[in-house]
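For reference, input_33.pdb (PDB, C-alpha atoms):
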ATOM      1  CA  MET A   1     127.188  88.705 121.073  1.00  0.00           C
ATOM      2  CA  LYS A   2     124.713  86.200 119.616  1.00  0.00           C
ATOM      3  CA  LYS A   3     121.874  87.935 121.466  1.00  0.00           C
ATOM      4  CA  VAL A   4     122.914  91.292 120.003  1.00  0.00           C
ATOM      5  CA  ILE A   5     123.025  89.869 116.464  1.00  0.00           C
ATOM      6  CA  PHE A   6     119.644  88.188 116.954  1.00  0.00           C
ATOM      7  CA  LEU A   7     118.169  91.436 118.282  1.00  0.00           C
ATOM      8  CA  MET A   8     119.523  93.368 115.290  1.00  0.00           C
ATOM      9  CA  ILE A   9     118.056  90.854 112.837  1.00  0.00           C
ATOM     10  CA  PHE A  10     114.719  90.826 114.665  1.00  0.00           C
ATOM     11  CA  THR A  11     114.582  94.631 114.684  1.00  0.00           C
ATOM     12  CA  THR A  12     115.325  94.796 110.949  1.00  0.00           C
ATOM     13  CA  VAL A  13     112.631  92.243 110.089  1.00  0.00           C
ATOM     14  CA  PHE A  14     110.118  93.863 112.430  1.00  0.00           C
ATOM     15  CA  ARG A  15     110.719  97.313 110.917  1.00  0.00           C
ATOM     16  CA  SER A  16     110.274  95.909 107.400  1.00  0.00           C
ATOM     17  CA  VAL A  17     106.930  94.398 108.423  1.00  0.00           C
ATOM     18  CA  LEU A  18     105.829  97.714 109.922  1.00  0.00           C
ATOM     19  CA  PHE A  19     106.770  99.907 106.981  1.00  0.00           C
ATOM     20  CA  ALA A  20     106.509  97.704 103.867  1.00  0.00           C
ATOM     21  CA  SER A  21     102.717  97.775 103.863  1.00  0.00           C
ATOM     22  CA  ASP A  22     100.136 100.512 103.337  1.00  0.00           C
ATOM     23  CA  ILE A  23      98.236  98.963 106.257  1.00  0.00           C
ATOM     24  CA  PRO A  24      99.594  99.770 109.738  1.00  0.00           C
ATOM     25  CA  PHE A  25     100.817  96.586 111.378  1.00  0.00           C
ATOM     26  CA  PHE A  26      98.941  96.904 114.655  1.00  0.00           C
ATOM     27  CA  LYS A  27      95.665  97.934 113.033  1.00  0.00           C
ATOM     28  CA  SER A  28      95.998  94.982 110.676  1.00  0.00           C
ATOM     29  CA  LEU A  29      96.591  92.767 113.690  1.00  0.00           C
ATOM     30  CA  PHE A  30      93.489  93.903 115.581  1.00  0.00           C
ATOM     31  CA  MET A  31      91.073  94.910 112.781  1.00  0.00           C
ATOM     32  CA  GLY A  32      92.167  92.680 109.929  1.00  0.00           C
ATOM     33  CA  ASP A  33      93.305  93.960 106.544  1.00  0.00           C
ATOM     34  CA  GLU A  34      89.869  93.905 104.892  1.00  0.00           C
ATOM     35  CA  GLU A  35      88.125  95.858 107.622  1.00  0.00           C
ATOM     36  CA  TYR A  36      90.932  98.426 107.768  1.00  0.00           C
ATOM     37  CA  VAL A  37      90.774  99.017 104.003  1.00  0.00           C
ATOM     38  CA  LYS A  38      86.992  99.417 104.138  1.00  0.00           C
ATOM     39  CA  GLN A  39      87.114 101.893 107.014  1.00  0.00           C
ATOM     40  CA  GLU A  40      89.820 104.018 105.390  1.00  0.00           C
ATOM     41  CA  ILE A  41      88.037 104.216 102.025  1.00  0.00           C
ATOM     42  CA  LEU A  42      84.723 105.045 103.722  1.00  0.00           C
ATOM     43  CA  LYS A  43      86.391 108.231 104.992  1.00  0.00           C
ATOM     44  CA  CYS A  44      86.748 109.505 101.417  1.00  0.00           C
ATOM     45  CA  LYS A  45      84.402 112.118 100.003  1.00  0.00           C
ATOM     46  CA  ASP A  46      80.944 110.914  98.902  1.00  0.00           C
ATOM     47  CA  VAL A  47      81.675 107.203  99.477  1.00  0.00           C
ATOM     48  CA  GLU A  48      78.528 105.330 100.487  1.00  0.00           C
ATOM     49  CA  SER A  49      79.735 101.729 100.614  1.00  0.00           C
ATOM     50  CA  VAL A  50      82.763  99.534  99.934  1.00  0.00           C
ATOM     51  CA  GLU A  51      82.910  95.857  98.996  1.00  0.00           C
ATOM     52  CA  LEU A  52      86.018  93.683  98.923  1.00  0.00           C
ATOM     53  CA  GLU A  53      86.166  90.584  96.764  1.00  0.00           C
ATOM     54  CA  ARG A  54      89.119  88.222  96.831  1.00  0.00           C
ATOM     55  CA  ARG A  55      89.994  86.989  93.350  1.00  0.00           C
ATOM     56  CA  ASP A  56      90.916  83.491  94.551  1.00  0.00           C
ATOM     57  CA  MET A  57      92.144  82.127  91.215  1.00  0.00           C
ATOM     58  CA  TYR A  58      94.344  79.724  93.148  1.00  0.00           C
ATOM     59  CA  ARG A  59      95.218  78.930  96.732  1.00  0.00           C
ATOM     60  CA  ASP A  60      97.050  81.783  98.493  1.00  0.00           C
ATOM     61  CA  ASP A  61      96.024  84.287  95.786  1.00  0.00           C
ATOM     62  CA  ASP A  62      96.195  87.717  97.467  1.00  0.00           C
ATOM     63  CA  ILE A  63      94.681  89.894  94.740  1.00  0.00           C
ATOM     64  CA  TYR A  64      91.465  91.712  95.634  1.00  0.00           C
ATOM     65  CA  ARG A  65      88.836  93.670  93.757  1.00  0.00           C
ATOM     66  CA  ILE A  66      87.752  96.743  95.699  1.00  0.00           C
ATOM     67  CA  HIS A  67      84.289  98.032  94.708  1.00  0.00           C
ATOM     68  CA  VAL A  68      83.654 101.628  95.789  1.00  0.00           C
ATOM     69  CA  TYR A  69      80.117 103.038  95.492  1.00  0.00           C
ATOM     70  CA  LEU A  70      79.692 106.801  95.687  1.00  0.00           C
ATOM     71  CA  SER A  71      76.758 109.180  95.793  1.00  0.00           C
ATOM     72  CA  ASN A  72      74.998 110.247  92.594  1.00  0.00           C
ATOM     73  CA  HIS A  73      75.266 106.773  91.101  1.00  0.00           C
ATOM     74  CA  ARG A  74      79.066 106.765  90.718  1.00  0.00           C
ATOM     75  CA  TYR A  75      81.360 103.773  90.974  1.00  0.00           C
ATOM     76  CA  ILE A  76      85.026 102.827  90.752  1.00  0.00           C
ATOM     77  CA  GLN A  77      86.697  99.450  90.994  1.00  0.00           C
ATOM     78  CA  PHE A  78      90.333  98.902  91.966  1.00  0.00           C
ATOM     79  CA  SER A  79      92.368  95.721  91.848  1.00  0.00           C
ATOM     80  CA  GLY A  80      95.569  94.720  93.593  1.00  0.00           C
ATOM     81  CA  GLN A  81      97.120  93.481  96.802  1.00  0.00           C
ATOM     82  CA  LEU A  82      95.582  94.872  99.967  1.00  0.00           C
ATOM     83  CA  TYR A  83      98.887  95.697 101.614  1.00  0.00           C
ATOM     84  CA  HIS A  84      99.542  98.116  98.719  1.00  0.00           C
ATOM     85  CA  PHE A  85      95.969  99.367  98.468  1.00  0.00           C
ATOM     86  CA  VAL A  86      96.938 103.043  98.826  1.00  0.00           C
ATOM     87  CA  SER A  87      99.942 103.302  96.547  1.00  0.00           C
ATOM     88  CA  ASP A  88      99.961 100.529  93.946  1.00  0.00           C
ATOM     89  CA  MET A  89      96.604  99.466  92.520  1.00  0.00           C
ATOM     90  CA  THR A  90      94.961  99.311  89.111  1.00  0.00           C
ATOM     91  CA  ILE A  91      91.710 100.960  88.020  1.00  0.00           C
ATOM     92  CA  PHE A  92      89.485  98.248  86.610  1.00  0.00           C
ATOM     93  CA  GLN A  93      86.410 100.383  86.007  1.00  0.00           C
ATOM     94  CA  ILE A  94      85.271 103.958  86.563  1.00  0.00           C
ATOM     95  CA  ASN A  95      81.550 104.532  86.061  1.00  0.00           C
ATOM     96  CA  ASP A  96      80.764 103.151  82.584  1.00  0.00           C
ATOM     97  CA  LEU A  97      84.368 103.067  81.322  1.00  0.00           C
ATOM     98  CA  TYR A  98      87.136 100.499  81.279  1.00  0.00           C
ATOM     99  CA  PRO A  99      90.564 102.178  81.014  1.00  0.00           C
ATOM    100  CA  VAL A 100      93.214 100.334  78.971  1.00  0.00           C
ATOM    101  CA  GLU A 101      96.960 100.584  79.463  1.00  0.00           C
ATOM    102  CA  GLN A 102      98.742  99.311  76.343  1.00  0.00           C
ATOM    103  CA  CYS A 103     102.338  98.351  77.135  1.00  0.00           C
ATOM    104  CA  PHE A 104     105.213  97.832  74.711  1.00  0.00           C
ATOM    105  CA  ILE A 105     107.764  96.029  76.874  1.00  0.00           C
ATOM    106  CA  VAL A 106     110.910  94.009  76.229  1.00  0.00           C
ATOM    107  CA  ARG A 107     111.018  90.330  77.099  1.00  0.00           C
ATOM    108  CA  ASN A 108     113.887  87.860  76.880  1.00  0.00           C
ATOM    109  CA  TYR A 109     114.111  84.317  75.542  1.00  0.00           C
ATOM    110  CA  ASP A 110     116.751  81.879  74.326  1.00  0.00           C
ATOM    111  CA  PHE A 111     119.841  83.103  76.156  1.00  0.00           C
ATOM    112  CA  GLY A 112     119.664  86.832  75.639  1.00  0.00           C
ATOM    113  CA  ASN A 113     117.560  87.263  72.498  1.00  0.00           C
ATOM    114  CA  GLU A 114     114.891  89.914  72.996  1.00  0.00           C
ATOM    115  CA  PHE A 115     111.466  90.639  71.618  1.00  0.00           C
ATOM    116  CA  PHE A 116     108.810  93.253  72.255  1.00  0.00           C
ATOM    117  CA  ARG A 117     105.623  92.071  73.885  1.00  0.00           C
ATOM    118  CA  VAL A 118     102.516  94.200  73.505  1.00  0.00           C
ATOM    119  CA  GLU A 119      99.887  93.813  76.204  1.00  0.00           C
ATOM    120  CA  ASN A 120      96.564  95.442  76.993  1.00  0.00           C
ATOM    121  CA  ASN A 121      96.351  95.805  80.755  1.00  0.00           C
ATOM    122  CA  VAL A 122      94.284  97.739  83.256  1.00  0.00           C
ATOM    123  CA  LEU A 123      95.379 101.243  84.185  1.00  0.00           C
ATOM    124  CA  GLU A 124      97.986 101.407  86.965  1.00  0.00           C
ATOM    125  CA  THR A 125      97.454 104.230  89.436  1.00  0.00           C
ATOM    126  CA  LYS A 126     101.203 104.938  89.481  1.00  0.00           C
ATOM    127  CA  LEU A 127     101.110 105.602  85.719  1.00  0.00           C
ATOM    128  CA  LEU A 128      97.941 107.688  85.969  1.00  0.00           C
ATOM    129  CA  LYS A 129     100.054 110.170  87.953  1.00  0.00           C
ATOM    130  CA  LYS A 130     102.435 110.460  85.007  1.00  0.00           C
ATOM    131  CA  ILE A 131      99.839 110.994  82.285  1.00  0.00           C
ATOM    132  CA  ALA A 132      97.580 113.297  84.318  1.00  0.00           C
ATOM    133  CA  PRO A 133     100.021 115.636  86.120  1.00  0.00           C
ATOM    134  CA  ARG A 134      97.390 118.383  86.449  1.00  0.00           C
ATOM    135  CA  LEU A 135      95.227 116.089  88.603  1.00  0.00           C
ATOM    136  CA  LYS A 136      95.806 115.233  92.247  1.00  0.00           C
ATOM    137  CA  VAL A 137      96.023 111.453  91.934  1.00  0.00           C
ATOM    138  CA  ASP A 138      98.943 110.510  94.152  1.00  0.00           C
ATOM    139  CA  ASN A 139      97.104 107.560  95.680  1.00  0.00           C
ATOM    140  CA  VAL A 140      93.792 105.709  95.835  1.00  0.00           C
ATOM    141  CA  PHE A 141      92.299 108.233  98.265  1.00  0.00           C
ATOM    142  CA  ASP A 142      93.073 111.116  95.903  1.00  0.00           C
ATOM    143  CA  ILE A 143      91.481 109.260  92.996  1.00  0.00           C
ATOM    144  CA  ILE A 144      88.279 108.631  94.955  1.00  0.00           C
ATOM    145  CA  ASN A 145      88.124 112.183  96.319  1.00  0.00           C
ATOM    146  CA  ASN A 146      88.577 113.573  92.797  1.00  0.00           C
ATOM    147  CA  LEU A 147      86.516 110.967  91.008  1.00  0.00           C
ATOM    148  CA  ASP A 148      84.697 113.354  88.668  1.00  0.00           C
ATOM    149  CA  GLU A 149      87.945 114.892  87.428  1.00  0.00           C
ATOM    150  CA  VAL A 150      89.534 111.460  86.985  1.00  0.00           C
ATOM    151  CA  TYR A 151      86.488 110.227  85.074  1.00  0.00           C
ATOM    152  CA  SER A 152      86.555 113.294  82.839  1.00  0.00           C
ATOM    153  CA  PHE A 153      90.232 112.681  82.061  1.00  0.00           C
ATOM    154  CA  ILE A 154      89.696 108.987  81.246  1.00  0.00           C
ATOM    155  CA  SER A 155      86.623 109.771  79.128  1.00  0.00           C
ATOM    156  CA  GLU A 156      88.844 111.982  76.938  1.00  0.00           C
ATOM    157  CA  LEU A 157      91.309 109.167  76.203  1.00  0.00           C
ATOM    158  CA  PRO A 158      91.042 107.754  72.672  1.00  0.00           C
ATOM    159  CA  GLU A 159      88.784 104.775  72.114  1.00  0.00           C
ATOM    160  CA  LEU A 160      90.596 101.460  71.938  1.00  0.00           C
ATOM    161  CA  PRO A 161      90.876 100.880  68.166  1.00  0.00           C
ATOM    162  CA  ASP A 162      89.082  97.986  66.525  1.00  0.00           C
ATOM    163  CA  GLY A 163      91.267  94.936  66.256  1.00  0.00           C
ATOM    164  CA  GLU A 164      93.423  95.912  69.247  1.00  0.00           C
ATOM    165  CA  SER A 165      91.497  94.048  71.921  1.00  0.00           C
ATOM    166  CA  PHE A 166      94.285  91.446  72.062  1.00  0.00           C
ATOM    167  CA  HIS A 167      95.878  90.400  75.329  1.00  0.00           C
ATOM    168  CA  ILE A 168      99.416  89.733  74.074  1.00  0.00           C
ATOM    169  CA  LYS A 169     101.230  90.214  70.747  1.00  0.00           C
ATOM    170  CA  SER A 170     104.942  90.223  70.111  1.00  0.00           C
ATOM    171  CA  PHE A 171     107.524  91.266  67.530  1.00  0.00           C
ATOM    172  CA  ASP A 172     111.297  91.017  67.189  1.00  0.00           C
ATOM    173  CA  TYR A 173     113.417  93.627  68.885  1.00  0.00           C
ATOM    174  CA  LYS A 174     116.589  95.119  67.435  1.00  0.00           C
ATOM    175  CA  TYR A 175     119.025  96.059  70.142  1.00  0.00           C
ATOM    176  CA  LYS A 176     119.244  99.808  70.939  1.00  0.00           C
ATOM    177  CA  GLU A 177     117.083 100.920  67.995  1.00  0.00           C
ATOM    178  CA  PRO A 178     114.219 103.305  68.860  1.00  0.00           C
ATOM    179  CA  LEU A 179     110.970 101.537  69.681  1.00  0.00           C
ATOM    180  CA  GLU A 180     108.930 103.744  67.320  1.00  0.00           C
ATOM    181  CA  ASN A 181     111.042 102.536  64.369  1.00  0.00           C
ATOM    182  CA  GLN A 182     110.341  98.868  65.092  1.00  0.00           C
ATOM    183  CA  ILE A 183     106.572  98.642  65.443  1.00  0.00           C
ATOM    184  CA  PRO A 184     105.018  96.395  62.755  1.00  0.00           C
ATOM    185  CA  GLU A 185     102.505  98.035  60.421  1.00  0.00           C
ATOM    186  CA  GLU A 186      99.592  96.076  61.866  1.00  0.00           C
ATOM    187  CA  LEU A 187     100.288  97.533  65.328  1.00  0.00           C
ATOM    188  CA  LYS A 188     100.718 101.149  64.241  1.00  0.00           C
ATOM    189  CA  ASN A 189      98.071 103.820  64.712  1.00  0.00           C
ATOM    190  CA  ASP A 190      97.824 107.587  65.018  1.00  0.00           C
ATOM    191  CA  ILE A 191      97.992 107.610  68.808  1.00  0.00           C
ATOM    192  CA  PRO A 192     101.427 108.685  70.097  1.00  0.00           C
ATOM    193  CA  PHE A 193     103.032 107.151  73.154  1.00  0.00           C
ATOM    194  CA  SER A 194     101.993 108.909  76.351  1.00  0.00           C
ATOM    195  CA  ILE A 195     105.061 107.525  78.093  1.00  0.00           C
ATOM    196  CA  LEU A 196     108.282 106.546  76.330  1.00  0.00           C
ATOM    197  CA  GLU A 197     111.130 105.781  78.686  1.00  0.00           C
ATOM    198  CA  LYS A 198     114.413 103.951  78.998  1.00  0.00           C
ATOM    199  CA  LYS A 199     114.760 101.089  81.454  1.00  0.00           C
ATOM    200  CA  TYR A 200     117.517  98.804  82.591  1.00  0.00           C
ATOM    201  CA  GLU A 201     120.233 101.471  82.707  1.00  0.00           C
ATOM    202  CA  GLY A 202     118.977 103.189  79.577  1.00  0.00           C
ATOM    203  CA  THR A 203     119.304 100.119  77.358  1.00  0.00           C
ATOM    204  CA  TYR A 204     115.708  99.147  76.625  1.00  0.00           C
ATOM    205  CA  GLU A 205     112.957 101.498  75.520  1.00  0.00           C
ATOM    206  CA  TYR A 206     109.472 100.931  76.909  1.00  0.00           C
ATOM    207  CA  GLY A 207     106.316 102.588  75.610  1.00  0.00           C
ATOM    208  CA  TYR A 208     102.818 103.079  77.002  1.00  0.00           C
ATOM    209  CA  LYS A 209      99.612 104.178  75.285  1.00  0.00           C
ATOM    210  CA  PHE A 210      96.332 104.718  77.082  1.00  0.00           C
ATOM    211  CA  TYR A 211      92.791 104.166  75.862  1.00  0.00           C
ATOM    212  CA  LYS A 212      89.287 103.768  77.146  1.00  0.00           C
ATOM    213  CA  THR A 213      86.441 101.541  76.099  1.00  0.00           C
ATOM    214  CA  SER A 214      82.986 100.631  77.330  1.00  0.00           C
ATOM    215  CA  VAL A 215      82.280  98.073  79.998  1.00  0.00           C
ATOM    216  CA  ASP A 216      80.252  96.052  77.474  1.00  0.00           C
ATOM    217  CA  ARG A 217      83.168  95.845  75.069  1.00  0.00           C
ATOM    218  CA  ALA A 218      85.594  94.931  77.852  1.00  0.00           C
ATOM    219  CA  ILE A 219      83.335  92.058  78.824  1.00  0.00           C
ATOM    220  CA  ASN A 220      82.653  90.855  75.282  1.00  0.00           C
ATOM    221  CA  GLU A 221      86.084  91.299  73.684  1.00  0.00           C
ATOM    222  CA  LEU A 222      88.558  91.318  76.544  1.00  0.00           C
ATOM    223  CA  HIS A 223      86.575  88.693  78.475  1.00  0.00           C
ATOM    224  CA  TYR A 224      86.785  90.442  81.823  1.00  0.00           C
ATOM    225  CA  SER A 225      84.270  89.475  84.456  1.00  0.00           C
ATOM    226  CA  ASN A 226      83.322  91.328  87.638  1.00  0.00           C
ATOM    227  CA  LEU A 227      82.654  94.583  85.801  1.00  0.00           C
ATOM    228  CA  LYS A 228      79.468  96.421  86.702  1.00  0.00           C
ATOM    229  CA  HIS A 229      76.680  97.468  84.332  1.00  0.00           C
ATOM    230  CA  GLY A 230      74.353 100.417  84.759  1.00  0.00           C
ATOM    231  CA  TYR A 231      76.720 103.287  85.535  1.00  0.00           C
ATOM    232  CA  GLU A 232      76.179 105.241  82.339  1.00  0.00           C
ATOM    233  CA  ASN A 233      75.774 108.981  82.820  1.00  0.00           C
TER     234      ASN A 233
END
Go ahead and express the file in the form of structure tokens.
Amino acid sequence: MKKVIFLMIFTTVFRSVLFASDIPFFKSLFMGDEEYVKQEILKCKDVESVELERRDMYRDDDIYRIHVYLSNHRYIQFSGQLYHFVSDMTIFQINDLYPVEQCFIVRNYDFGNEFFRVENNVLETKLLKKIAPRLKVDNVFDIINNLDEVYSFISELPELPDGESFHIKSFDYKYKEPLENQIPEELKNDIPFSILEKKYEGTYEYGYKFYKTSVDRAINELHYSNLKHGYEN
């Protein structure tokens, strides 16, 4: 009986290892994660070279920057964990643009009191699918294979307004009131939410706006390093 239970537990764990990652287990075992990611991205249309750079902010940090160089002087940079490199990454740069995902999200403090936190983050590929439904951008491979269309879409996003290059701001949250009625005057602008959705069983309202800005501004105001110059059209 103990052997049967052990075998069932082992099988469950082994299956989770096999299927929880975007990298096949046995290829990861024999090729290594980095080499597998490189080889898969090199199969995409017009890709000339791929570089992987581990962020290494602290020991055991598993976040990577993936630099993808394409023909005709095109470039895109992703960031995220390698084992989710297909399905759950962020776009750090595309050619000469830095896409900005502005999030209005609820946070908790002091035993149940809530406040809204406003953050400027990099564009998540899973949200790109929601705001660009006419594009085929289901995963990283789609984004690379349709790079020109993705770049055109991002270039049409509004410019990040002056004074909104903050990382985090917050304001008090009134329970169950619409988010749009609670935004302070200094955080309001003419750009509507691209995504406005309920979370946590429909209790909290989250909002997302999307912008673009230049690589130079992202470096100077948002203080991001590892962005690449020289990819202007």
Restricting the calculation to all atoms listed in the file, which member of A:Ile143, A:Phe104, A:Leu160, A:Phe115 is positioned closest to A:Glu180? A:Phe104
Which neighbours of A:Ala218 fall inside 10 Å, counting only C-alpha atoms, when residues of the same chain fewer than 3 positions from it are skipped, and could you give them as a CSV table (one decimal) with C-alpha atoms, in the frame of the given file?
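Final output, saved to around39.csv:
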chain,number,residue,atom,x,y,z
A,93,GLN,CA,86.4,100.4,86.0
A,97,LEU,CA,84.4,103.1,81.3
A,98,TYR,CA,87.1,100.5,81.3
A,99,PRO,CA,90.6,102.2,81.0
A,100,VAL,CA,93.2,100.3,79.0
A,165,SER,CA,91.5,94.0,71.9
A,212,LYS,CA,89.3,103.8,77.1
A,213,THR,CA,86.4,101.5,76.1
A,214,SER,CA,83.0,100.6,77.3
A,215,VAL,CA,82.3,98.1,80.0
A,221,GLU,CA,86.1,91.3,73.7
A,222,LEU,CA,88.6,91.3,76.5
A,223,HIS,CA,86.6,88.7,78.5
A,224,TYR,CA,86.8,90.4,81.8
A,225,SER,CA,84.3,89.5,84.5
A,227,LEU,CA,82.7,94.6,85.8
Using Å and a single decimal, report how far atom CA of A:Pro192 sits from atom CA of A:Lys209.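 The value is 7.1 Å.
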Need the shell around A:Tyr208: protein/DNA/RNA residues with any atom at most 8 Å away, counting all atoms listed in the file. Skip same-chain ones fewer than 2 positions apart. Format as a PyMOL selection string? chain A and resi 101-104+193-196+206+210
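When the distance limit is 6 Å and all atoms listed in the file are what count, the residues near stretch 42-47 of chain A, minus those fewer than 3 positions from it on the same chain, are Gln39, Tyr69, Leu70, Ser71 and Asn145 of chain A.
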Of A:Asp216, A:Glu40, A:Glu177, A:Asp22, the one sitting nearest A:Gly202 when using all atoms listed in the file is A:Glu177
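Against this structure, the PyMOL selection byres ((chain A and resi 139) around 8) ends up with Val86, Ser87, Asp88, Thr125, Lys126, Val137, Asp138, Val140, Phe141, Asp142 and Ile143 of chain A.
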Would you save the residues of that selection, restricted to C-alpha atoms, as a PDB file, keeping the file's coordinate frame?
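Dumped to again.pdb:
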ATOM      1  CA  VAL A  86      96.938 103.043  98.826  1.00  0.00           C
ATOM      2  CA  SER A  87      99.942 103.302  96.547  1.00  0.00           C
ATOM      3  CA  ASP A  88      99.961 100.529  93.946  1.00  0.00           C
ATOM      4  CA  THR A 125      97.454 104.230  89.436  1.00  0.00           C
ATOM      5  CA  LYS A 126     101.203 104.938  89.481  1.00  0.00           C
ATOM      6  CA  VAL A 137      96.023 111.453  91.934  1.00  0.00           C
ATOM      7  CA  ASP A 138      98.943 110.510  94.152  1.00  0.00           C
ATOM      8  CA  VAL A 140      93.792 105.709  95.835  1.00  0.00           C
ATOM      9  CA  PHE A 141      92.299 108.233  98.265  1.00  0.00           C
ATOM     10  CA  ASP A 142      93.073 111.116  95.903  1.00  0.00           C
ATOM     11  CA  ILE A 143      91.481 109.260  92.996  1.00  0.00           C
TER      12      ILE A 143
END
For the file shown, report as a list in words the outcome of the PyMOL selection byres ((chain A and resi 77) around 9) at residue level.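 Taken over the shown coordinates, the PyMOL selection byres ((chain A and resi 77) around 9) returns Arg65, Ile66, His67, Val68, Tyr69, Tyr75, Ile76, Phe78, Ser79, Thr90, Ile91, Phe92, Gln93, Ile94, Asn95, Leu227 and Lys228 of chain A.
Once the PyMOL selection byres ((chain A and resi 158) around 6) is applied to the depicted file, the selected set reads A:Leu157, A:Glu159, A:Tyr211.
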Hey, which of A:Ile219, A:Gln81, A:Asp33, A:Ile154 ends up closest to A:Arg55? Count all atoms listed in the file.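 Of all the options, A:Gln81 lies closest to A:Arg55.
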Among the residues A:Glu149, A:Gly32, A:Lys129, A:Lys176, the one that comes closest to A:Tyr200 [using all atoms listed in the file]: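 Of A:Glu149, A:Gly32, A:Lys129, A:Lys176, the one nearest A:Tyr200 is A:Lys176, counting all atoms listed in the file.
Residue nearest A:Tyr231, chosen from A:Pro184, A:Asp96, A:Glu34, A:Asn121 and counting only C-alpha atoms: A:Asp96.
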To one decimal place, how far is atom CA of A:Pro161 from atom CA of A:Gly207 in Å?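 Separation of atom CA of A:Pro161 and atom CA of A:Gly207: 17.2 Å.
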Padded axis-aligned box of stretch 84-99 of chain A (6 Å per side), centre and edge lengths, Å, one decimal, as JSON:
{"center_x": 90.4, "center_y": 101.3, "center_z": 89.9, "size_x": 31.2, "size_y": 18.4, "size_z": 29.8}
Tell me, in Å to one decimal, how far atom CA of A:Thr203 is from atom CA of A:Val106.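 Distance reported for this atom pair: 10.4 Å.
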Between A:Met89, A:Leu128, A:Ile105, A:Ile144, which has the minimum distance to A:Ile41 (counting all atoms listed in the file)?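 Closest residue, counting all atoms listed in the file: A:Ile144.
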My structure is short of atoms at stretch 204-216 of chain A; please model N, CA, C and O atoms there, returning them as a PDB file, in the frame of the given file.
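Dumped everything to result34.pdb:
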ATOM      1  N   TYR A 204     116.943  99.566  77.275  1.00  0.00           N
ATOM      2  CA  TYR A 204     115.708  99.147  76.625  1.00  0.00           C
ATOM      3  C   TYR A 204     114.678 100.273  76.668  1.00  0.00           C
ATOM      4  O   TYR A 204     114.504 100.927  77.700  1.00  0.00           O
ATOM      5  N   GLU A 205     113.986 100.468  75.587  1.00  0.00           N
ATOM      6  CA  GLU A 205     112.957 101.498  75.520  1.00  0.00           C
ATOM      7  C   GLU A 205     111.587 100.858  75.697  1.00  0.00           C
ATOM      8  O   GLU A 205     111.246  99.890  75.015  1.00  0.00           O
ATOM      9  N   TYR A 206     110.823 101.411  76.630  1.00  0.00           N
ATOM     10  CA  TYR A 206     109.472 100.931  76.909  1.00  0.00           C
ATOM     11  C   TYR A 206     108.482 102.021  76.504  1.00  0.00           C
ATOM     12  O   TYR A 206     108.766 103.209  76.680  1.00  0.00           O
ATOM     13  N   GLY A 207     107.324 101.620  76.001  1.00  0.00           N
ATOM     14  CA  GLY A 207     106.316 102.588  75.610  1.00  0.00           C
ATOM     15  C   GLY A 207     104.955 102.243  76.184  1.00  0.00           C
ATOM     16  O   GLY A 207     104.623 101.064  76.377  1.00  0.00           O
ATOM     17  N   TYR A 208     104.164 103.271  76.464  1.00  0.00           N
ATOM     18  CA  TYR A 208     102.818 103.079  77.002  1.00  0.00           C
ATOM     19  C   TYR A 208     101.842 103.998  76.267  1.00  0.00           C
ATOM     20  O   TYR A 208     102.108 105.191  76.105  1.00  0.00           O
ATOM     21  N   LYS A 209     100.736 103.418  75.822  1.00  0.00           N
ATOM     22  CA  LYS A 209      99.612 104.178  75.285  1.00  0.00           C
ATOM     23  C   LYS A 209      98.400 103.898  76.171  1.00  0.00           C
ATOM     24  O   LYS A 209      98.298 102.839  76.784  1.00  0.00           O
ATOM     25  N   PHE A 210      97.474 104.851  76.195  1.00  0.00           N
ATOM     26  CA  PHE A 210      96.332 104.718  77.082  1.00  0.00           C
ATOM     27  C   PHE A 210      95.038 104.975  76.309  1.00  0.00           C
ATOM     28  O   PHE A 210      94.943 105.925  75.532  1.00  0.00           O
ATOM     29  N   TYR A 211      94.067 104.094  76.552  1.00  0.00           N
ATOM     30  CA  TYR A 211      92.791 104.166  75.862  1.00  0.00           C
ATOM     31  C   TYR A 211      91.666 103.976  76.876  1.00  0.00           C
ATOM     32  O   TYR A 211      91.886 103.682  78.049  1.00  0.00           O
ATOM     33  N   LYS A 212      90.467 104.129  76.372  1.00  0.00           N
ATOM     34  CA  LYS A 212      89.287 103.768  77.146  1.00  0.00           C
ATOM     35  C   LYS A 212      88.367 102.976  76.235  1.00  0.00           C
ATOM     36  O   LYS A 212      88.462 103.030  75.008  1.00  0.00           O
ATOM     37  N   THR A 213      87.491 102.203  76.845  1.00  0.00           N
ATOM     38  CA  THR A 213      86.441 101.541  76.099  1.00  0.00           C
ATOM     39  C   THR A 213      85.275 101.306  77.045  1.00  0.00           C
ATOM     40  O   THR A 213      85.378 101.548  78.251  1.00  0.00           O
ATOM     41  N   SER A 214      84.177 100.836  76.509  1.00  0.00           N
ATOM     42  CA  SER A 214      82.986 100.631  77.330  1.00  0.00           C
ATOM     43  C   SER A 214      83.097  99.344  78.139  1.00  0.00           C
ATOM     44  O   SER A 214      83.854  98.428  77.790  1.00  0.00           O
ATOM     45  N   VAL A 215      82.332  99.289  79.192  1.00  0.00           N
ATOM     46  CA  VAL A 215      82.280  98.073  79.998  1.00  0.00           C
ATOM     47  C   VAL A 215      81.782  96.896  79.161  1.00  0.00           C
ATOM     48  O   VAL A 215      82.314  95.789  79.254  1.00  0.00           O
ATOM     49  N   ASP A 216      80.776  97.134  78.318  1.00  0.00           N
ATOM     50  CA  ASP A 216      80.252  96.052  77.474  1.00  0.00           C
ATOM     51  C   ASP A 216      81.336  95.477  76.573  1.00  0.00           C
ATOM     52  O   ASP A 216      81.454  94.256  76.425  1.00  0.00           O
TER      53      ASP A 216
END
